[in-house]
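Peer 1: Next comes the structure file work05.csv, holding CSV, C-alpha atoms.
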```
chain,number,residue,atom,x,y,z
A,29,MET,CA,7.2,20.8,52.9
A,30,ALA,CA,3.9,20.9,54.9
A,31,ALA,CA,2.1,21.8,51.7
A,32,GLN,CA,3.5,18.8,49.9
A,33,ILE,CA,2.5,16.5,52.7
A,34,LEU,CA,-1.0,18.0,52.7
A,35,LYS,CA,-1.2,17.5,48.9
A,36,VAL,CA,-0.2,13.8,49.2
A,37,LEU,CA,-2.7,13.2,51.9
A,38,LYS,CA,-5.4,14.9,49.9
A,39,GLU,CA,-4.6,12.7,46.9
A,40,ALA,CA,-4.6,9.6,49.1
A,41,LYS,CA,-8.0,10.6,50.5
A,42,ASN,CA,-9.3,11.1,46.9
A,43,LEU,CA,-8.0,7.7,45.8
A,44,PHE,CA,-9.6,6.1,48.9
A,45,ALA,CA,-12.9,7.8,48.0
A,46,ILE,CA,-12.7,6.5,44.5
A,47,CYS,CA,-12.0,3.0,45.7
A,48,GLU,CA,-14.9,3.1,48.1
A,49,GLU,CA,-17.2,4.5,45.4
A,50,LEU,CA,-16.2,1.8,43.0
A,51,ASP,CA,-16.7,-0.9,45.6
A,52,SER,CA,-20.2,0.3,46.4
A,53,GLU,CA,-21.3,0.2,42.8
A,54,ASN,CA,-22.6,-2.7,40.9
A,55,PHE,CA,-21.9,-2.8,37.2
A,56,GLU,CA,-21.4,-5.8,35.1
A,57,GLU,CA,-17.7,-5.7,34.7
A,58,LEU,CA,-17.1,-5.2,38.4
A,59,GLY,CA,-19.1,-8.3,39.2
A,60,ARG,CA,-17.1,-10.3,36.7
A,61,PHE,CA,-13.9,-8.9,38.2
A,62,ARG,CA,-15.0,-9.8,41.7
A,63,VAL,CA,-15.5,-13.4,40.6
A,64,ILE,CA,-12.1,-13.6,39.0
A,65,LYS,CA,-10.5,-12.0,42.0
A,66,GLY,CA,-11.9,-14.7,44.2
A,67,GLN,CA,-10.6,-17.4,41.9
A,68,VAL,CA,-7.1,-15.7,41.9
A,69,VAL,CA,-7.1,-15.5,45.7
A,70,GLU,CA,-8.0,-19.2,45.8
A,71,TRP,CA,-5.4,-20.1,43.2
A,72,LEU,CA,-2.7,-18.1,45.1
A,73,SER,CA,-3.5,-19.8,48.4
A,74,GLN,CA,-2.9,-23.3,47.0
A,75,TRP,CA,0.0,-25.1,48.6
A,76,GLY,CA,-0.1,-22.8,51.6
A,77,GLY,CA,0.3,-19.5,49.8
A,78,VAL,CA,2.9,-18.4,47.2
A,79,ALA,CA,5.5,-17.5,49.9
A,80,ASN,CA,5.5,-21.3,50.8
A,81,TRP,CA,5.5,-22.6,47.2
A,82,PRO,CA,9.3,-23.1,46.9
A,83,GLU,CA,9.4,-25.2,50.1
A,84,TRP,CA,6.2,-27.0,49.2
A,85,LEU,CA,7.5,-27.8,45.7
A,86,GLU,CA,10.7,-29.4,47.0
A,87,MET,CA,8.9,-31.3,49.8
A,88,SER,CA,6.1,-32.6,47.5
A,89,TYR,CA,8.6,-33.6,44.8
A,90,ASN,CA,10.6,-35.5,47.4
A,91,GLU,CA,7.4,-37.2,48.5
A,92,ALA,CA,6.4,-38.0,45.0
A,93,LYS,CA,9.8,-39.4,44.2
A,94,LYS,CA,9.6,-41.7,47.3
A,95,TYR,CA,6.3,-43.2,46.0
A,96,TYR,CA,7.3,-43.2,42.3
A,97,ARG,CA,4.7,-40.6,41.4
A,98,VAL,CA,6.9,-37.9,39.9
A,99,ASP,CA,4.9,-37.9,36.7
A,100,ASP,CA,1.7,-37.2,38.6
A,101,TRP,CA,3.5,-34.5,40.6
A,102,PHE,CA,4.7,-32.7,37.4
A,103,GLU,CA,1.2,-32.9,36.0
A,104,GLN,CA,-0.3,-31.4,39.1
A,105,VAL,CA,2.3,-28.6,39.1
A,106,TRP,CA,2.0,-27.7,35.4
A,107,ASP,CA,-1.8,-27.8,35.8
A,108,GLN,CA,-1.5,-25.2,38.5
A,109,ALA,CA,0.7,-23.0,36.2
A,110,ASP,CA,-1.9,-23.4,33.4
A,111,LYS,CA,-4.7,-22.3,35.7
A,112,GLY,CA,-2.7,-19.2,36.6
A,113,ARG,CA,-2.1,-18.3,33.0
A,114,CYS,CA,-5.8,-18.8,32.3
A,115,LEU,CA,-6.8,-16.4,35.1
A,116,GLU,CA,-4.2,-13.9,33.9
A,117,THR,CA,-5.8,-14.0,30.4
A,118,ARG,CA,-9.3,-13.5,31.8
A,119,LEU,CA,-8.2,-10.4,33.7
A,120,PHE,CA,-7.1,-8.8,30.4
A,121,GLU,CA,-10.6,-9.3,28.9
A,122,MET,CA,-13.3,-6.7,29.7
A,123,TYR,CA,-16.6,-7.8,28.1
A,124,GLY,CA,-19.1,-6.4,30.6
A,125,THR,CA,-20.5,-2.9,31.0
A,126,LEU,CA,-18.0,-0.4,32.3
A,127,PRO,CA,-18.8,2.7,34.4
A,128,LYS,CA,-19.0,6.0,32.5
A,129,GLU,CA,-16.5,7.8,34.7
A,130,HIS,CA,-13.0,7.4,33.4
A,131,TYR,CA,-11.4,7.4,36.9
A,132,LYS,CA,-13.5,4.3,37.8
A,133,VAL,CA,-12.4,2.5,34.7
A,134,LYS,CA,-8.8,3.4,35.6
A,135,GLU,CA,-9.2,2.1,39.1
A,136,LEU,CA,-10.7,-1.2,37.9
A,137,TYR,CA,-7.8,-1.5,35.4
A,138,ARG,CA,-5.3,-0.8,38.2
A,139,ARG,CA,-6.8,-3.6,40.4
A,140,ALA,CA,-6.8,-6.0,37.5
A,141,MET,CA,-3.2,-5.3,36.7
A,142,GLU,CA,-2.3,-5.8,40.4
A,143,LEU,CA,-3.7,-9.3,40.2
A,144,VAL,CA,-2.0,-9.9,36.8
A,145,HIS,CA,1.3,-9.0,38.4
A,146,LEU,CA,0.7,-11.4,41.3
A,147,LEU,CA,-0.3,-14.2,38.9
A,148,ALA,CA,2.7,-13.6,36.6
A,149,LYS,CA,5.1,-13.8,39.6
A,150,ALA,CA,3.6,-17.0,40.9
A,151,THR,CA,3.4,-18.6,37.5
A,152,ALA,CA,7.1,-17.6,36.8
A,153,LEU,CA,8.0,-19.2,40.2
A,154,ILE,CA,6.6,-22.5,39.0
A,155,GLU,CA,8.1,-22.2,35.5
A,156,ILE,CA,11.6,-21.5,36.8
A,157,ARG,CA,11.8,-23.6,39.9
A,158,VAL,CA,10.1,-26.8,38.8
A,159,PRO,CA,12.6,-27.8,36.1
A,160,LEU,CA,15.4,-27.2,38.6
A,161,ILE,CA,14.1,-29.4,41.5
A,162,PRO,CA,15.0,-32.8,40.1
A,163,ASP,CA,18.5,-31.5,39.3
A,164,LYS,CA,18.9,-30.1,42.8
A,165,PHE,CA,18.0,-33.5,44.4
A,166,ALA,CA,20.2,-35.3,41.9
A,167,ILE,CA,23.1,-33.0,42.9
A,168,GLN,CA,22.4,-33.5,46.6
A,169,THR,CA,22.4,-37.3,46.1
A,170,ILE,CA,25.7,-37.2,44.2
A,171,GLN,CA,27.3,-35.0,46.9
A,172,ALA,CA,26.1,-37.3,49.7
A,173,SER,CA,27.4,-40.3,47.8
A,174,GLN,CA,30.8,-38.5,47.3
A,175,ALA,CA,30.9,-37.6,50.9
A,176,ARG,CA,30.3,-41.2,52.0
A,177,ASN,CA,33.0,-42.4,49.5
A,178,SER,CA,35.5,-39.9,50.6
A,179,SER,CA,34.9,-40.7,54.3
A,180,HIS,CA,35.6,-44.4,53.5
A,181,LEU,CA,38.8,-43.4,51.7
A,182,ASP,CA,39.9,-41.3,54.6
A,183,ASP,CA,39.4,-44.1,57.0
A,184,ASP,CA,43.0,-45.7,57.3
A,185,SER,CA,41.9,-48.4,59.8
A,186,GLY,CA,41.9,-51.1,57.2
A,187,LEU,CA,45.3,-50.0,55.8
A,188,ASP,CA,47.2,-51.3,58.7
A,189,GLU,CA,46.6,-54.9,57.6
A,190,PHE,CA,48.7,-54.4,54.4
```
Show me, as structure tokens, the structure contained in the file I just sent.
Peer 2:
Amino acid sequence: MAAQILKVLKEAKNLFAICEELDSENFEELGRFRVIKGQVVEWLSQWGGVANWPEWLEMSYNEAKKYYRVDDWFEQVWDQADKGRCLETRLFEMYGTLPKEHYKVKELYRRAMELVHLLAKATALIEIRVPLIPDKFAIQTIQASQARNSSHLDDDSGLDEF
């Protein structure tokens, strides 16, 4: 058991060394990757970060609906999704000079796929939730209306007159 733990720790140490070594280098593709990573981080932080997107989407839709700007809202949201898909595509491209060591290329690829995964999850969140938001608000409005109507029907105070 102790031997397995030592082996895992040694592998982690080696991976950390590879990451440090890669970060200290300056080859063309790494520079390009760093630029795209900055754009991905900026994109993911829109609307208060991805964890807040569901709440922000509903709140901003409600606000847009109040001011009759739902079309602008949809345009803004779909534009955000398009930017995410564009960043995702750029991560799959490797045009610059790569390092000669295969383990460095592998680490760069791993980092790129990590960002692709985040972009795909965030873009899917938009693609799945956005079409449902108007329906959710329509259902809530109908339910509120039905609740008001049923409370008026349950009120027998006016029936005594008949």
Peer 1: Which residues, written as a PyMOL selection string, have at least one atom at most 9 Å from region 104-113 of chain A, with only C-alpha atoms counted and residues fewer than 4 positions away on the same chain left out?
Peer 2: chain A and resi 68+71-72+74+85+99-100+117-118+147-148+150-152+154-155+158
Peer 1: Kindly export the residues of the current selection with C-alpha atoms, as a PDB file, in the coordinates of the input.
Peer 2:
```
ATOM      1  CA  VAL A  68      -7.100 -15.700  41.900  1.00  0.00           C
ATOM      2  CA  TRP A  71      -5.400 -20.100  43.200  1.00  0.00           C
ATOM      3  CA  LEU A  72      -2.700 -18.100  45.100  1.00  0.00           C
ATOM      4  CA  GLN A  74      -2.900 -23.300  47.000  1.00  0.00           C
ATOM      5  CA  LEU A  85       7.500 -27.800  45.700  1.00  0.00           C
ATOM      6  CA  ASP A  99       4.900 -37.900  36.700  1.00  0.00           C
ATOM      7  CA  ASP A 100       1.700 -37.200  38.600  1.00  0.00           C
ATOM      8  CA  THR A 117      -5.800 -14.000  30.400  1.00  0.00           C
ATOM      9  CA  ARG A 118      -9.300 -13.500  31.800  1.00  0.00           C
ATOM     10  CA  LEU A 147      -0.300 -14.200  38.900  1.00  0.00           C
ATOM     11  CA  ALA A 148       2.700 -13.600  36.600  1.00  0.00           C
ATOM     12  CA  ALA A 150       3.600 -17.000  40.900  1.00  0.00           C
ATOM     13  CA  THR A 151       3.400 -18.600  37.500  1.00  0.00           C
ATOM     14  CA  ALA A 152       7.100 -17.600  36.800  1.00  0.00           C
ATOM     15  CA  ILE A 154       6.600 -22.500  39.000  1.00  0.00           C
ATOM     16  CA  GLU A 155       8.100 -22.200  35.500  1.00  0.00           C
ATOM     17  CA  VAL A 158      10.100 -26.800  38.800  1.00  0.00           C
TER      18      VAL A 158
END
```
Peer 1: Between CA of Lys94 (chain A) and CA of Ser73 (chain A), what is the distance in Å, rounded to a tenth?
Peer 2: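 Answer for the CA of Lys94 (chain A) to CA of Ser73 (chain A) separation: 25.5 Å.
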Peer 1: Name all residues at most 10 Å from Arg157 (chain A) (count only C-alpha atoms; drop same-chain ones fewer than 6 positions away) and give them as a list in words.
Peer 2: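 That gives Trp81, Pro82, Leu85 and Glu86 of chain A.
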Peer 1: Any idea what the distance is between CA of Ile156 (chain A) and CA of Val69 (chain A)?
Peer 2: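 Going from CA of Ile156 (chain A) over to CA of Val69 (chain A), I get 21.6 Å.
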Peer 1: Distance CA of Lys65 (chain A)-CA of Leu143 (chain A), one decimal place?
Peer 2: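 Separating CA of Lys65 (chain A) from CA of Leu143 (chain A) is a distance of 7.5 Å.
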Peer 1: Identify which of the residues A:Ala92, A:Ala140, A:Glu83, A:Lys149 lies closest to Val63 (chain A), counting only C-alpha atoms when measuring atom-to-atom distances.
Peer 2: A:Ala140
Peer 1: Calculated over all atoms listed in the file, which of the candidates A:Leu146, A:Leu153, A:Asn80, A:Thr125 has the smallest distance to Gly59 (chain A)?
Peer 2: A:Thr125
Peer 1: Please identify all polymer residues within 10 Å of Arg139 (chain A), counting only C-alpha atoms, omitting same-chain residues fewer than 6 positions from it, and present them as a PyMOL selection string.
Peer 2: chain A and resi 47+61+65+119+145
